[in-house]
$ cat structure01.cif   # mmCIF, C-alpha atoms
data_structure
loop_
_atom_site.label_atom_id
_atom_site.label_comp_id
_atom_site.auth_asym_id
_atom_site.auth_seq_id
_atom_site.Cartn_x
_atom_site.Cartn_y
_atom_site.Cartn_z
CA MET O 1 58.48 150.42 -52.05
CA PRO O 2 62.17 150.16 -52.98
CA LYS O 3 62.80 147.38 -55.45
CA PRO O 4 65.73 144.97 -55.50
CA THR O 5 68.80 146.06 -57.38
CA ASN O 6 69.40 142.53 -58.71
CA ILE O 7 70.11 142.37 -62.44
CA ILE O 8 67.09 141.06 -64.35
CA ILE O 9 68.36 138.29 -66.63
CA LYS O 10 66.73 137.77 -70.01
CA GLU O 11 66.55 134.04 -70.59
CA GLU O 12 68.35 132.67 -73.65
CA PRO O 13 65.92 131.60 -76.42
CA SER O 14 67.47 128.11 -76.59
CA THR O 15 66.97 127.36 -72.88
CA THR O 16 65.02 124.20 -72.05
CA TRP O 17 63.53 122.86 -68.82
CA SER O 18 61.88 119.78 -67.38
CA TYR O 19 58.95 119.91 -64.97
CA VAL O 20 59.90 118.76 -61.46
CA PHE O 21 57.01 119.39 -59.04
CA GLU O 22 54.73 122.11 -57.73
CA GLY O 23 53.28 123.52 -54.55
CA GLY O 24 50.08 125.37 -53.79
CA LYS O 25 51.05 128.40 -55.86
CA HIS O 26 54.29 127.76 -57.77
CA ALA O 27 55.59 125.29 -60.34
CA ILE O 28 59.25 124.23 -60.30
CA PHE O 29 61.24 123.43 -63.44
CA LYS O 30 64.80 122.12 -63.77
CA TYR O 31 67.17 123.72 -66.27
CA THR O 32 68.31 121.04 -68.73
CA ASN O 33 70.80 123.12 -70.72
CA GLY O 34 72.59 126.45 -70.73
CA GLU O 35 74.60 128.28 -68.12
CA ARG O 36 71.96 127.82 -65.41
CA GLN O 37 72.08 124.04 -65.39
CA GLY O 38 72.06 123.03 -61.74
CA LYS O 39 69.38 125.60 -60.94
CA LEU O 40 65.60 125.45 -60.57
CA LEU O 41 63.12 127.89 -62.09
CA ARG O 42 60.29 128.91 -59.74
CA ILE O 43 57.24 130.47 -61.39
CA ARG O 44 53.67 131.19 -60.34
CA ARG O 45 51.27 128.70 -61.86
CA GLU O 46 48.75 131.46 -62.63
CA ASP O 47 51.37 133.23 -64.75
CA LEU O 48 51.67 130.11 -66.91
CA VAL O 49 47.95 129.42 -67.21
CA SER O 50 46.37 132.86 -67.57
CA ASN O 51 45.49 134.03 -71.09
CA GLN O 52 46.42 137.57 -70.08
CA PRO O 53 49.68 138.85 -68.54
CA SER O 54 49.20 139.51 -64.86
CA SER O 55 49.75 143.15 -63.93
CA SER O 56 50.99 141.95 -60.54
CA ASN O 57 53.63 139.57 -61.91
CA SER O 58 56.66 141.87 -61.82
CA ASP O 59 55.65 143.42 -58.49
CA TYR O 60 55.13 139.97 -57.02
CA ILE O 61 58.57 138.74 -58.06
CA LEU O 62 60.39 141.92 -57.03
CA ASP O 63 58.62 142.00 -53.65
CA PHE O 64 59.44 138.31 -53.15
CA ILE O 65 63.13 138.99 -53.85
CA LEU O 66 63.05 142.04 -51.57
CA TYR O 67 61.57 139.95 -48.74
CA LEU O 68 64.25 137.30 -49.18
CA ARG O 69 67.05 139.86 -49.32
CA GLU O 70 65.93 141.97 -46.36
CA VAL O 71 64.27 139.41 -44.06
CA VAL O 72 65.20 135.82 -44.87
CA VAL O 73 68.82 135.80 -46.06
CA PRO O 74 70.22 137.92 -43.17
CA ARG O 75 68.64 135.50 -40.70
CA LEU O 76 69.46 132.23 -42.48
CA THR O 77 72.97 132.90 -43.79
CA PRO O 78 74.84 130.77 -44.86
CA TYR O 79 71.98 128.37 -45.57
CA THR O 80 70.28 130.33 -48.35
CA GLU O 81 70.87 133.05 -50.91
CA VAL O 82 68.97 135.56 -53.04
CA PRO O 83 67.71 133.98 -56.30
CA ASP O 84 68.28 135.35 -59.80
CA ILE O 85 65.43 137.30 -61.39
CA ILE O 86 64.60 135.79 -64.77
CA GLU O 87 62.63 137.44 -67.60
CA LEU O 88 60.89 134.90 -69.83
CA GLN O 89 59.62 135.64 -73.34
CA PRO O 90 56.19 134.44 -74.59
CA PRO O 91 57.53 131.36 -76.47
CA GLN O 92 59.37 130.27 -73.32
CA VAL O 93 56.27 130.67 -71.16
CA LYS O 94 54.31 128.57 -73.64
CA ALA O 95 57.09 125.96 -73.69
CA LEU O 96 57.01 125.73 -69.88
CA TYR O 97 53.25 125.31 -69.93
CA GLN O 98 53.42 122.57 -72.53
CA GLU O 99 56.26 120.81 -70.69
CA ALA O 100 54.21 120.75 -67.48
CA MET O 101 51.08 119.48 -69.24
CA SER O 102 52.96 116.69 -71.02
CA SER O 103 55.10 115.64 -68.04
CA GLY O 104 52.50 113.38 -66.43
CA LYS O 105 53.72 114.64 -63.04
CA ILE O 106 51.06 117.22 -62.17
CA PRO O 107 49.13 116.03 -59.07
CA LEU O 108 45.56 115.09 -59.97
CA LEU O 109 44.04 117.48 -57.45
CA ARG O 110 45.97 120.36 -59.06
CA ARG O 111 45.46 119.34 -62.67
CA LYS O 112 42.25 121.35 -62.98
CA THR O 113 44.14 124.59 -62.26
CA TRP O 114 46.22 123.94 -65.40
CA GLU O 115 43.41 122.91 -67.71
CA GLU O 116 41.84 126.35 -68.01
CA GLU O 117 44.05 126.94 -71.04
CA GLU O 118 44.95 123.36 -71.94
CA ASP O 119 45.43 124.13 -75.64
CA GLY O 120 48.10 126.66 -74.69
CA LYS O 121 46.66 129.32 -76.97
CA GLY O 122 46.22 131.77 -74.13
CA VAL O 123 49.86 131.61 -73.10
CA ASN O 124 51.08 134.50 -75.25
CA HIS O 125 52.81 136.81 -72.82
CA GLY O 126 56.15 137.14 -71.06
CA VAL O 127 56.56 136.85 -67.30
CA MET O 128 59.19 137.16 -64.61
CA ALA O 129 60.31 134.26 -62.43
CA SER O 130 63.20 133.35 -60.15
CA ALA O 131 66.05 130.84 -60.40
CA SER O 132 67.79 129.26 -57.41
CA LEU O 133 70.36 126.55 -56.85
CA ASP O 134 69.05 122.99 -56.98
CA TYR O 135 70.06 121.80 -53.52
CA ARG O 136 69.20 118.22 -54.45
CA GLN O 137 72.40 118.10 -56.48
CA MET O 138 75.87 118.91 -55.15
CA PRO O 139 78.63 119.14 -57.80
CA GLY O 140 81.43 116.74 -56.99
CA TYR O 141 79.20 114.50 -54.88
CA HIS O 142 76.16 113.59 -56.97
CA THR O 143 77.73 111.44 -59.68
CA THR O 144 77.05 107.99 -61.02
CA GLN O 145 80.05 106.78 -59.03
CA SER O 146 78.89 108.18 -55.68
CA LYS O 147 76.04 105.74 -55.16
CA GLN O 148 75.87 106.49 -51.43
CA CYS O 149 74.99 110.18 -51.86
CA TRP O 150 71.45 111.11 -50.88
CA SER O 151 69.48 114.35 -50.89
CA ILE O 152 66.72 114.91 -48.36
CA GLU O 153 64.05 117.60 -48.45
CA ILE O 154 62.19 118.34 -45.22
CA LYS O 155 59.32 120.77 -44.71
CA PRO O 156 59.60 121.19 -40.92
CA LYS O 157 56.49 123.40 -40.45
CA ALA O 158 56.05 125.79 -37.49
CA GLY O 159 58.26 124.74 -34.59
CA TYR O 160 56.44 126.61 -31.83
CA MET O 161 53.09 126.83 -30.08
CA THR O 162 51.00 129.87 -30.93
CA PHE O 163 51.43 132.56 -28.29
CA SER O 164 49.67 135.53 -29.85
CA PRO O 165 46.99 137.27 -27.72
CA CYS O 166 45.13 138.00 -30.97
CA VAL O 167 43.90 134.45 -31.57
CA ASP O 168 40.17 134.28 -32.24
CA PRO O 169 38.32 132.80 -29.20
CA GLN O 170 36.94 130.07 -31.46
CA HIS O 171 40.50 129.10 -32.45
CA ARG O 172 42.03 128.78 -29.00
CA ILE O 173 42.97 125.17 -29.70
CA LYS O 174 46.05 126.83 -31.22
CA TYR O 175 47.33 127.37 -27.68
CA GLU O 176 47.17 123.63 -26.97
CA ARG O 177 48.14 121.97 -30.27
CA THR O 178 50.78 122.69 -32.87
CA LYS O 179 49.57 124.07 -36.18
CA PHE O 180 50.72 120.84 -37.81
CA ALA O 181 48.65 118.69 -35.41
CA ILE O 182 45.57 120.83 -36.09
CA GLN O 183 46.11 120.47 -39.82
CA GLN O 184 46.39 116.69 -39.49
CA ALA O 185 43.12 116.54 -37.57
CA LEU O 186 41.38 118.59 -40.27
CA ILE O 187 42.79 116.32 -42.99
CA ALA O 188 41.64 113.21 -41.10
CA LYS O 189 38.10 114.62 -40.97
CA SER O 190 38.24 115.54 -44.70
CA ILE O 191 37.66 119.18 -43.79
CA ILE O 192 40.66 120.26 -45.83
CA GLN O 193 42.41 118.74 -48.84
CA LYS O 194 45.97 119.19 -50.01
CA GLY O 195 47.16 119.16 -53.59
CA TRP O 196 49.60 116.30 -52.93
CA MET O 197 46.81 113.93 -51.87
CA ARG O 198 46.02 111.03 -54.20
CA THR O 199 42.46 110.62 -55.38
CA GLY O 200 40.73 107.64 -53.82
CA VAL O 201 43.56 106.94 -51.37
CA GLU O 202 42.88 107.42 -47.67
CA VAL O 203 45.44 109.69 -46.04
CA GLU O 204 47.20 108.27 -43.00
CA THR O 205 47.65 110.74 -40.15
CA CYS O 206 51.25 111.76 -39.53
CA GLN O 207 52.36 111.84 -35.89
CA TYR O 208 55.31 114.13 -36.62
CA ASN O 209 55.86 116.78 -33.93
CA PRO O 210 57.60 119.98 -35.09
CA LEU O 211 58.42 120.84 -31.44
CA GLN O 212 60.65 117.77 -31.35
CA PHE O 213 62.29 118.67 -34.65
CA PHE O 214 63.21 122.17 -33.41
CA SER O 215 64.11 121.07 -29.88
CA GLY O 216 67.87 121.02 -30.41
CA ASP O 217 68.00 117.59 -28.73
CA GLN O 218 69.36 114.84 -30.97
CA SER O 219 67.10 112.09 -29.64
CA GLN O 220 64.02 114.30 -30.02
CA ILE O 221 65.02 115.26 -33.56
CA GLU O 222 65.46 111.58 -34.40
CA ALA O 223 61.99 110.82 -33.01
CA ALA O 224 60.52 113.53 -35.22
CA LEU O 225 62.34 112.12 -38.26
CA THR O 226 61.08 108.62 -37.46
CA SER O 227 57.49 109.90 -37.64
CA LEU O 228 58.19 111.69 -40.93
CA PHE O 229 59.75 108.63 -42.54
CA ALA O 230 56.85 106.47 -41.37
CA VAL O 231 54.17 108.75 -42.89
CA PRO O 232 55.93 111.15 -45.29
CA GLN O 233 52.84 112.85 -46.73
CA ASN O 234 54.39 115.89 -48.49
CA TYR O 235 56.88 116.78 -45.75
CA ILE O 236 59.92 114.64 -46.52
CA LYS O 237 61.42 113.33 -49.76
CA VAL O 238 64.63 111.38 -50.38
CA TRP O 239 66.47 111.42 -53.72
CA ASN O 240 69.25 109.05 -54.75
CA HIS O 241 72.42 109.98 -56.65
CA GLU O 242 70.55 109.84 -59.97
CA GLY O 243 67.92 112.34 -58.85
CA THR O 244 65.19 109.71 -58.48
CA ILE O 245 62.81 109.92 -55.53
CA VAL O 246 63.10 106.75 -53.44
CA HIS O 247 61.03 107.84 -50.44
CA SER O 248 57.95 110.10 -50.38
CA ASN O 249 54.19 109.90 -49.96
CA LYS O 250 54.03 108.12 -53.35
CA VAL O 251 57.24 106.08 -53.29
CA MET O 252 58.44 103.64 -50.62
CA ASP O 253 61.46 102.03 -52.29
CA GLN O 254 62.98 100.18 -49.36
CA VAL O 255 65.46 98.47 -51.69
CA SER O 256 67.04 101.73 -52.89
CA LEU O 257 66.71 103.54 -49.56
CA PRO O 258 69.81 103.22 -47.37
CA ASP O 259 69.57 101.87 -43.85
CA GLN O 260 66.77 104.06 -42.51
CA THR O 261 67.89 104.01 -38.87
CA PHE O 262 71.40 105.07 -39.87
CA LEU O 263 70.00 107.78 -42.13
CA GLN O 264 67.76 109.16 -39.38
CA GLN O 265 70.58 109.13 -36.83
CA SER O 266 72.92 110.87 -39.27
CA LEU O 267 70.31 113.50 -40.07
CA ALA O 268 69.56 114.11 -36.40
CA PHE O 269 73.27 114.54 -35.69
CA ILE O 270 73.70 117.04 -38.54
CA LEU O 271 70.62 119.05 -37.58
CA GLN O 272 71.67 119.13 -33.93
CA SER O 273 75.23 120.15 -34.83
CA GLU O 274 74.28 122.88 -37.30
CA ASN O 275 72.31 125.95 -36.26
CA VAL O 276 69.97 126.10 -39.25
CA CYS O 277 66.98 124.96 -37.14
CA SER O 278 67.60 127.53 -34.41
CA LYS O 279 67.95 130.26 -37.03
CA LEU O 280 64.75 129.17 -38.73
CA LEU O 281 62.86 129.01 -35.42
CA LYS O 282 63.96 132.54 -34.49
CA MET O 283 62.56 133.75 -37.80
CA GLN O 284 59.29 131.87 -37.26
CA LEU O 285 58.91 133.51 -33.84
CA LEU O 286 58.69 136.91 -35.55
CA ASP O 287 55.03 135.99 -36.09
CA VAL O 288 53.80 137.66 -32.91
CA ILE O 289 50.19 138.25 -34.01
CA ASP O 290 49.33 134.96 -35.78
CA ALA O 291 47.12 134.77 -38.88
CA ASP O 292 44.08 135.60 -36.73
CA GLY O 293 45.77 138.78 -35.56
CA ALA O 294 46.69 139.73 -39.13
CA VAL O 295 43.01 139.42 -40.10
CA LEU O 296 41.97 141.61 -37.15
CA VAL O 297 44.54 144.27 -38.00
CA TYR O 298 43.58 144.30 -41.67
CA ASN O 299 39.82 144.45 -40.97
CA ARG O 300 40.38 147.33 -38.56
CA LEU O 301 42.46 149.13 -41.17
CA VAL O 302 39.68 148.71 -43.75
CA GLU O 303 37.22 150.06 -41.18
CA LEU O 304 39.42 153.14 -40.62
CA CYS O 305 39.53 153.59 -44.41
CA ASN O 306 35.71 153.67 -44.50
CA GLY O 307 35.52 150.24 -46.08
CA ASP O 308 37.96 151.05 -48.88
CA HIS O 309 40.08 147.88 -49.36
CA GLU O 310 42.22 149.51 -52.04
CA GLN O 311 43.23 152.36 -49.74
CA ALA O 312 43.95 149.90 -46.92
CA GLU O 313 46.22 147.82 -49.15
CA HIS O 314 47.96 150.99 -50.33
CA LEU O 315 48.73 151.87 -46.70
CA VAL O 316 50.07 148.37 -46.09
CA ASP O 317 52.36 148.74 -49.11
CA GLU O 318 53.61 152.08 -47.77
CA VAL O 319 54.46 150.54 -44.40
CA GLU O 320 56.30 147.67 -46.12
CA GLY O 321 58.30 150.22 -48.08
CA ASN O 322 59.22 152.17 -44.94
CA LEU O 323 60.28 149.00 -43.15
CA ALA O 324 62.44 148.00 -46.08
CA ASN O 325 64.08 151.44 -46.07
CA ASP O 326 64.79 151.14 -42.33
CA THR O 327 66.60 147.81 -42.80
CA SER O 328 68.60 148.78 -45.87
#

$ encode --input "structure01.cif" --output "structure tokens"
Amino acid sequence: MPKPTNIIIKEEPSTTWSYVFEGGKHAIFKYTNGERQGKLLRIRREDLVSNQPSSSNSDYILDFILYLREVVVPRLTPYTEVPDIIELQPPQVKALYQEAMSSGKIPLLRRKTWEEEEDGKGVNHGVMASASLDYRQMPGYHTTQSKQCWSIEIKPKAGYMTFSPCVDPQHRIKYERTKFAIQQALIAKSIIQKGWMRTGVEVETCQYNPLQFFSGDQSQIEAALTSLFAVPQNYIKVWNHEGTIVHSNKVMDQVSLPDQTFLQQSLAFILQSENVCSKLLKMQLLDVIDADGAVLVYNRLVELCNGDHEQAEHLVDEVEGNLANDTS
């Protein structure tokens, strides 16, 4: 597979970070000094925790950058860009690990994935990561004087109903409910858990409808936002000018939050006026086989390879490489 031609940047030894948050696979750190202040470092949690360097680390990062460059950025320009590739030395990896462990911000349900090497002794290897702009902060706007500047993060989820003919017969509810609605039902029945959930706190079901959010109709978008603000879960966060979260699944600071109706109306107007949602939806609709179809294709490929998973994955990598060559 052709690899990105981006310059790999060796991080300065004096660079420092602060832990911000994490998702299912990655931890996010904010640069607190150096020339990359204003950017966020994105790194796989397993690369921070493992006592051995992962052989897949560099391939994972380079393939991630390749995917962004060839698939995402051309379809979402000007709303995104290709991140920097960062090479971290062993002391920096250990420092990141220790910063995360001492931050007090790791969600309880994810804490156990960090504690495998809690003493930090196993973190003795370098890794590669990526650095992107911190879109929560806009130079010239986010200052102590601009107290009416707010940053909003939305995870809009899939904005379409599944249409793939490859859906497993036992999963045909996908044709009648959005993926988000199905997920909410599974959460309500405690069939699945998410890392952002708080131990001992019952999760309220969110009535957010991604079809409304991606509808292109301002009133429908506003209705979707109303549902998100009412039950944020992990899908909407609001930061104030100081970078403090004032609205999320853990924080409901109605004093610091601006007039919510005005904020929702303003957001709906912006999202309806810009074409970021339509661009994102077009990219989502590239999923013509659904996850069920991907499983069927992969299992059939393994069958054709006489049960050899390694050979099947090698063929998949070859196809990815050919596709990347065709688009470059």

$ resolve_selection --input "structure01.cif" --expression "the PyMOL selection byres ((chain O and resi 175) around 8)" --output "ChimeraX atom specification"
/O:161-163,172-174,176-178

$ atom_distance --input "structure01.cif" --atom1 "CA of Lys194 (chain O)" --atom2 "CA of Pro107 (chain O)"
10.1 Å

$ residues_around --input "structure01.cif" --residues "Glu35 (chain O)" --least-positions-apart "3" --cutoff "12 Å" --atoms "all atoms listed in the file" --output "number ranges by chain"
O: 9, 11-12, 14-16, 31-32, 38-39, 131

$ residues_around --input "structure01.cif" --residues "Ile221 (chain O)" --least-positions-apart "6" --cutoff "10 Å" --atoms "all atoms listed in the file" --output "PyMOL selection string"
chain O and resi 209-215+264-265+267-269+271-272

$ atom_distance --input "structure01.cif" --atom1 "CA of Trp150 (chain O)" --atom2 "CA of Val238 (chain O)"
6.8 Å

$ residues_around --input "structure01.cif" --residues "Ile7 (chain O)" --least-positions-apart "6" --cutoff "9 Å" --atoms "only C-alpha atoms" --output "list of chain:residue names"
O:Asp84, O:Ile85, O:Ile86

$ residues_around --input "structure01.cif" --residues "Lys25 (chain O)" --least-positions-apart "3" --cutoff "10 Å" --atoms "only C-alpha atoms" --output "PDB file with C-alpha atoms, in the coordinates of the input"
ATOM      1  CA  GLU O  22      54.730 122.110 -57.730  1.00  0.00           C
ATOM      2  CA  ILE O  43      57.240 130.470 -61.390  1.00  0.00           C
ATOM      3  CA  ARG O  44      53.670 131.190 -60.340  1.00  0.00           C
ATOM      4  CA  ARG O  45      51.270 128.700 -61.860  1.00  0.00           C
ATOM      5  CA  GLU O  46      48.750 131.460 -62.630  1.00  0.00           C
TER       6      GLU O  46
END

$ resolve_selection --input "structure01.cif" --expression "the PyMOL selection byres ((chain O and resi 114) around 9)" --output "list in words"
Arg45, Glu46, Leu48, Val49, Tyr97, Ala100, Met101, Ile106, Arg110, Arg111, Lys112, Thr113, Glu115, Glu116, Glu117 and Glu118 of chain O

$ residues_around --input "structure01.cif" --residues "Asp168 (chain O)" --least-positions-apart "2" --cutoff "10 Å" --atoms "only C-alpha atoms" --output "PyMOL selection string"
chain O and resi 164-166+170-174+290-293+295-296

$ write_last_selection --input "structure01.cif" --atoms "C-alpha atoms" --output "CSV table (one decimal), in the frame of the given file"
chain,number,residue,atom,x,y,z
O,164,SER,CA,49.7,135.5,-29.8
O,165,PRO,CA,47.0,137.3,-27.7
O,166,CYS,CA,45.1,138.0,-31.0
O,170,GLN,CA,36.9,130.1,-31.5
O,171,HIS,CA,40.5,129.1,-32.4
O,172,ARG,CA,42.0,128.8,-29.0
O,173,ILE,CA,43.0,125.2,-29.7
O,174,LYS,CA,46.0,126.8,-31.2
O,290,ASP,CA,49.3,135.0,-35.8
O,291,ALA,CA,47.1,134.8,-38.9
O,292,ASP,CA,44.1,135.6,-36.7
O,293,GLY,CA,45.8,138.8,-35.6
O,295,VAL,CA,43.0,139.4,-40.1
O,296,LEU,CA,42.0,141.6,-37.2

$ closest_residue --input "structure01.cif" --among "O:Leu40, O:Leu88, O:Cys206, O:Leu76" --to "Leu133 (chain O)" --atoms "all atoms listed in the file"
O:Leu40

$ closest_residue --input "structure01.cif" --among "O:Ser102, O:Ser151, O:Asn57, O:Gln184" --to "Glu87 (chain O)" --atoms "all atoms listed in the file"
O:Asn57
